[in-house]
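Source file entry30.csv; content: CSV, C-alpha atoms.
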chain,number,residue,atom,x,y,z
B,1,MET,CA,6.9,54.3,43.7
B,2,GLY,CA,9.4,57.1,43.8
B,3,MET,CA,11.7,55.1,46.1
B,4,GLY,CA,11.5,52.1,43.8
B,5,VAL,CA,12.6,54.2,40.8
B,6,PHE,CA,15.4,55.7,42.8
B,7,LEU,CA,16.7,52.2,43.8
B,8,LEU,CA,16.4,51.1,40.2
B,9,VAL,CA,18.5,54.0,39.1
B,10,LEU,CA,21.1,53.2,41.8
B,11,VAL,CA,21.2,49.5,40.7
B,12,THR,CA,21.5,50.5,37.0
B,13,VAL,CA,24.4,52.9,37.8
B,14,PHE,CA,26.1,50.2,39.8
B,15,ILE,CA,25.8,47.5,37.1
B,16,TRP,CA,26.8,50.0,34.3
B,17,GLY,CA,29.8,51.1,36.4
B,18,ASN,CA,31.0,47.6,36.9
B,19,LEU,CA,30.6,46.7,33.3
B,20,TRP,CA,32.5,49.8,32.2
B,21,PHE,CA,35.3,49.1,34.7
B,22,HIS,CA,35.8,45.5,33.5
B,23,PHE,CA,35.5,46.7,29.8
B,24,VAL,CA,38.3,49.3,30.3
B,25,GLU,CA,40.4,46.8,32.3
B,26,SER,CA,40.2,44.2,29.6
B,27,ILE,CA,41.3,46.7,26.9
B,28,LEU,CA,44.2,47.8,29.0
B,29,GLY,CA,45.1,44.2,29.8
B,30,PHE,CA,45.1,43.4,26.0
B,31,VAL,CA,47.3,46.4,25.3
B,32,ARG,CA,49.7,45.4,28.1
B,33,ARG,CA,49.9,41.8,26.8
B,34,ILE,CA,50.8,43.1,23.3
B,35,LEU,CA,53.5,45.5,24.7
B,36,THR,CA,55.1,42.9,26.9
B,37,ARG,CA,54.8,39.8,24.7
B,38,HIS,CA,58.6,39.7,24.1
B,39,LYS,CA,59.4,40.1,27.7
B,40,LYS,CA,61.0,37.0,29.3
B,41,PRO,CA,58.5,35.4,31.7
B,42,THR,CA,59.5,35.4,35.4
B,43,VAL,CA,61.0,32.1,36.7
B,44,TRP,CA,58.5,30.1,38.7
B,45,HIS,CA,59.2,27.0,40.7
B,46,THR,CA,56.3,24.7,41.6
B,47,PHE,CA,56.1,23.1,45.1
B,48,PRO,CA,58.6,20.3,45.5
B,49,GLU,CA,56.3,17.4,46.4
B,50,ASN,CA,59.1,15.0,47.3
B,51,GLU,CA,60.4,17.5,49.9
B,52,GLU,CA,57.1,17.6,51.8
B,53,THR,CA,57.4,16.5,55.4
B,54,GLU,CA,56.3,13.0,56.5
B,55,ASP,CA,53.3,14.1,58.6
B,56,ASP,CA,51.6,16.0,55.8
Y,1,MET,CA,29.1,32.4,78.6
Y,2,GLY,CA,26.6,35.1,77.4
Y,3,LEU,CA,25.2,35.4,73.9
Y,4,PHE,CA,27.4,38.4,73.0
Y,5,SER,CA,30.6,36.6,73.9
Y,6,LYS,CA,29.5,33.8,71.5
Y,7,LEU,CA,28.5,36.3,68.8
Y,8,PHE,CA,31.7,38.4,69.0
Y,9,LYS,CA,34.1,35.5,69.6
Y,10,GLU,CA,37.6,36.3,68.3
Y,11,PRO,CA,38.6,34.1,65.4
Y,12,GLU,CA,40.7,31.1,66.4
Y,13,ILE,CA,43.9,30.1,64.7
Y,14,ASP,CA,43.9,26.6,63.2
Y,15,LEU,CA,47.3,25.6,64.4
Y,16,GLU,CA,47.4,22.4,62.3
Y,17,LYS,CA,46.9,24.4,59.2
Y,18,SER,CA,49.3,27.0,60.3
Y,19,ASN,CA,52.0,24.4,61.1
Y,20,ALA,CA,51.5,22.7,57.7
Y,21,ASN,CA,51.9,26.0,55.9
Y,22,ALA,CA,55.0,26.8,57.9
Y,23,ARG,CA,56.5,23.5,56.8
Y,24,LYS,CA,55.5,24.2,53.2
Y,25,MET,CA,57.1,27.7,53.4
Y,26,ARG,CA,60.3,26.0,54.7
Y,27,ALA,CA,60.3,23.4,51.8
Y,28,LEU,CA,59.8,26.1,49.2
Y,29,PHE,CA,62.4,28.4,50.6
Y,30,ASN,CA,65.0,25.6,50.9
Y,31,HIS,CA,64.2,24.6,47.3
Y,32,VAL,CA,65.3,27.9,45.9
Y,33,VAL,CA,67.8,29.3,48.4
Y,34,GLU,CA,71.2,27.7,48.9
Y,35,ASP,CA,71.8,26.7,52.6
Y,36,GLY,CA,68.2,27.7,53.3
Y,37,ASP,CA,68.3,26.2,56.8
Y,38,ASN,CA,70.6,29.0,57.8
Y,39,TYR,CA,67.7,31.4,57.5
Y,40,ARG,CA,64.8,31.8,59.9
Y,41,LEU,CA,61.5,32.5,58.1
Y,42,ILE,CA,58.4,34.7,58.3
Y,43,PHE,CA,55.6,35.3,55.9
Y,44,GLY,CA,55.3,38.9,54.6
Y,45,TYR,CA,53.6,40.7,51.8
Y,46,THR,CA,53.9,43.8,49.6
Y,47,GLU,CA,51.0,46.1,48.8
Y,48,ASP,CA,50.9,48.0,45.4
Y,49,VAL,CA,48.2,50.6,45.5
Y,50,SER,CA,47.3,52.4,42.2
Y,51,ARG,CA,44.6,54.9,41.4
Y,52,PHE,CA,42.5,54.7,38.3
Y,53,ASN,CA,40.1,57.0,36.5
Y,54,TYR,CA,38.1,55.5,33.8
Y,55,GLY,CA,35.8,58.4,33.1
Y,56,PHE,CA,32.8,58.3,35.5
Y,57,VAL,CA,34.3,55.3,37.3
Y,58,HIS,CA,37.3,56.0,39.4
Y,59,GLY,CA,38.9,54.5,42.5
Y,60,SER,CA,42.0,52.5,43.6
Y,61,LYS,CA,43.3,49.0,43.1
Y,62,THR,CA,45.5,47.1,45.6
Y,63,LYS,CA,47.7,44.3,44.5
Y,64,ILE,CA,49.1,42.0,47.2
Y,65,GLY,CA,52.3,40.1,46.7
Y,66,ASN,CA,53.0,37.3,49.1
Y,67,LEU,CA,56.6,36.8,50.3
Y,68,ILE,CA,58.6,34.2,52.2
Y,69,VAL,CA,61.1,36.3,54.1
Y,70,GLY,CA,64.2,34.6,55.4
Y,71,TRP,CA,66.9,36.2,57.6
Y,72,ASN,CA,70.3,35.1,58.4
Y,73,GLU,CA,71.7,36.4,61.7
Y,74,ALA,CA,75.3,35.2,60.9
Y,75,ASP,CA,75.9,37.2,57.6
Y,76,LEU,CA,73.2,39.9,58.2
Y,77,SER,CA,71.2,39.2,55.1
Y,78,ILE,CA,67.6,38.9,54.1
Y,79,ALA,CA,66.3,36.6,51.3
Y,80,VAL,CA,62.9,37.4,49.9
Y,81,VAL,CA,61.1,34.7,47.9
Y,82,PRO,CA,57.8,35.7,46.1
Y,83,THR,CA,55.0,33.1,46.5
Y,84,VAL,CA,51.2,32.7,46.4
Y,85,PRO,CA,48.7,32.2,49.2
Y,86,ASP,CA,48.3,28.4,48.6
Y,87,LEU,CA,52.2,28.0,48.5
Y,88,SER,CA,51.9,26.0,45.3
Y,89,GLY,CA,55.0,27.6,43.9
Y,90,CYS,CA,57.5,30.4,44.2
Y,91,GLY,CA,59.8,32.7,42.3
Y,92,ASP,CA,63.6,33.2,42.5
Y,93,PRO,CA,65.0,34.7,45.7
Y,94,ILE,CA,66.2,38.3,46.0
Y,95,TYR,CA,69.0,38.8,48.5
Y,96,TYR,CA,69.5,42.0,50.5
Y,97,ARG,CA,72.9,42.0,52.4
Y,98,ARG,CA,73.4,44.6,55.1
Y,99,SER,CA,76.8,45.5,53.6
Y,100,GLY,CA,75.3,46.0,50.1
Y,101,ILE,CA,72.1,47.9,50.6
Y,102,GLN,CA,71.7,51.7,50.5
Y,103,LYS,CA,69.4,52.0,53.5
Y,104,ALA,CA,66.9,50.0,55.6
Y,105,TYR,CA,64.5,51.1,58.2
Y,106,ARG,CA,61.2,50.3,59.9
Y,107,ASN,CA,58.3,52.5,58.8
Y,108,LYS,CA,55.5,53.2,61.2
Y,109,TYR,CA,53.3,55.6,59.2
Y,110,PRO,CA,51.2,55.4,57.1
Y,111,THR,CA,51.7,51.6,57.4
Y,112,ASP,CA,53.9,49.5,59.6
Y,113,ALA,CA,56.4,48.0,57.2
Y,114,PHE,CA,60.1,47.0,56.9
Y,115,ILE,CA,61.6,49.1,54.2
Y,116,ILE,CA,64.8,48.2,52.3
Y,117,TYR,CA,66.4,50.3,49.6
Y,118,PRO,CA,68.9,48.1,47.7
Y,119,ASP,CA,69.9,51.1,45.7
Y,120,LYS,CA,68.6,54.6,44.9
Y,121,ASN,CA,66.2,53.4,42.2
Y,122,GLY,CA,63.7,51.4,44.1
Y,123,TYR,CA,62.7,49.9,47.4
Y,124,ILE,CA,60.7,47.0,48.9
Y,125,ALA,CA,58.2,47.5,51.7
Y,126,ILE,CA,57.6,44.3,53.6
Y,127,ASN,CA,54.4,44.1,55.7
Y,128,ALA,CA,54.2,41.4,58.3
Y,129,TYR,CA,51.7,40.5,61.0
Y,130,ASP,CA,51.3,37.8,63.7
Y,131,TRP,CA,48.5,36.1,61.7
Y,132,LEU,CA,46.2,37.1,58.8
Y,133,ASP,CA,42.8,35.3,58.5
Y,134,ASP,CA,42.1,35.8,54.8
Y,135,GLU,CA,43.5,32.7,53.1
Y,136,LYS,CA,42.5,33.9,49.7
Y,137,LEU,CA,45.0,36.9,50.0
Y,138,TYR,CA,47.6,35.8,52.4
Y,139,VAL,CA,49.5,32.7,53.6
Y,140,TYR,CA,47.7,31.2,56.6
Y,141,VAL,CA,50.4,31.1,59.2
Y,142,SER,CA,50.7,32.1,62.9
Y,143,GLN,CA,54.1,33.6,63.5
Y,144,LYS,CA,54.1,35.6,66.7
Y,145,GLU,CA,57.5,34.5,68.0
Y,146,GLU,CA,59.1,34.5,64.6
Y,147,LEU,CA,57.9,38.0,63.8
Y,148,ALA,CA,59.2,39.3,67.1
Y,149,ALA,CA,62.6,37.8,66.4
Y,150,PHE,CA,62.6,39.2,62.8
Y,151,THR,CA,61.6,42.7,64.2
Y,152,ASP,CA,64.4,42.5,66.7
Y,153,PHE,CA,66.9,41.5,64.0
Y,154,PHE,CA,65.8,44.1,61.6
Y,155,ILE,CA,65.7,47.1,64.0
Y,156,ASN,CA,68.8,46.3,66.0
Y,157,ARG,CA,71.1,44.7,63.4
Y,158,PHE,CA,69.9,45.2,59.9
Y,159,ALA,CA,68.4,48.8,59.8
Y,160,THR,CA,70.8,51.5,58.8
Y,161,ARG,CA,69.2,54.2,61.0
Encoded form using structure tokens:
Amino acid sequence: MGMGVFLLVLVTVFIWGNLWFHFVESILGFVRRILTRHKKPTVWHTFPENEETEDD
Amino acid sequence: MGLFSKLFKEPEIDLEKSNANARKMRALFNHVVEDGDNYRLIFGYTEDVSRFNYGFVHGSKTKIGNLIVGWNEADLSIAVVPTVPDLSGCGDPIYYRRSGIQKAYRNKYPTDAFIIYPDKNGYIAINAYDWLDDEKLYVYVSQKEELAAFTDFFINRFATR
């Protein structure tokens, strides 16, 4: 019984810790997006399909 | 063969997949770098480790940045192209010429990395290994000979000390 309660407390702390981490991360991400919305996005080149070698 | 040798068998490299990725790396590199064929290529990556403390939850986060690293023996330059593990695209190249950098050296501790300081304000630490198994984080490519050639180039001709 005691062991079961202990494991339940550990699982609760683990789940609560994860939720808290993702909650703070999402707030920080939102603030970061607002602060950098006028920043020029980095240039990105997609894979040139026509340059792929014959045996692919 | 015993049971243990089967259980603890070393992971085997899928050479077909590795060669296909090597060709994709070359195609991407040549797409964004002028005269890309003058460069030999390896896959490298950067690690950005940051600590966080969110009250009762604290720890560290590691961001991995995949790179196609090209080196030109003739003009002693290195071109670094940021990419993603599936090689679906890449960013613009950054060039480091031996004559234009502040310093470059190979770091052994705490991690084995090739360090380049283009100026006093920042640096890039390029990590590279013969082969990395985790396809979700790194480009799947086997590059033992190429890495040995890059290490020789970097230490003997590119490094400043």
message: Between B:Gly29, B:Phe23, B:Lys40, B:Asn18, which residue has the minimum interatomic distance to Gly59 in chain Y, considering all atoms listed in the file?
response: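 Smallest separation from Gly59 in chain Y among the options: B:Asn18.
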Nearest to chain B by atom-to-atom distance, counting all atoms listed in the file, from Y:Asn30, Y:Gln102, Y:Asn66, Y:Ser142: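 Closest to chain B, using all atoms listed in the file: Y:Asn30.
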task: Please return, as a PyMOL selection string, all residues of chain B lying within 6 Å of chain Y when only C-alpha atoms are considered.
output: chain B and resi 43-47
task: For Asp48 in chain Y, please output as a VMD selection string all residues within 10 Å (counting all atoms listed in the file; exclusion window: fewer than 3 positions along the same chain).
output: chain Y and resid 61 to 65 125
message: Would you pick out the contacts of Lys120 in chain Y at 12 Å or less, using all atoms listed in the file, so that residues sharing its chain but fewer than 6 positions from it are not included, and give the list as a count of residues only?
response: 4
- request: Between CA of Asn127 in chain Y and CA of Lys144 in chain Y, measure the distance and give it in Å to one decimal.
  value: 13.9 Å
message: Please list as a ChimeraX atom specification every residue within 10 Å of Ile13 in chain Y, counting all atoms listed in the file and excluding residues in the same chain fewer than 2 positions away.
response: /Y:10-11,15-18,131-133,140-142
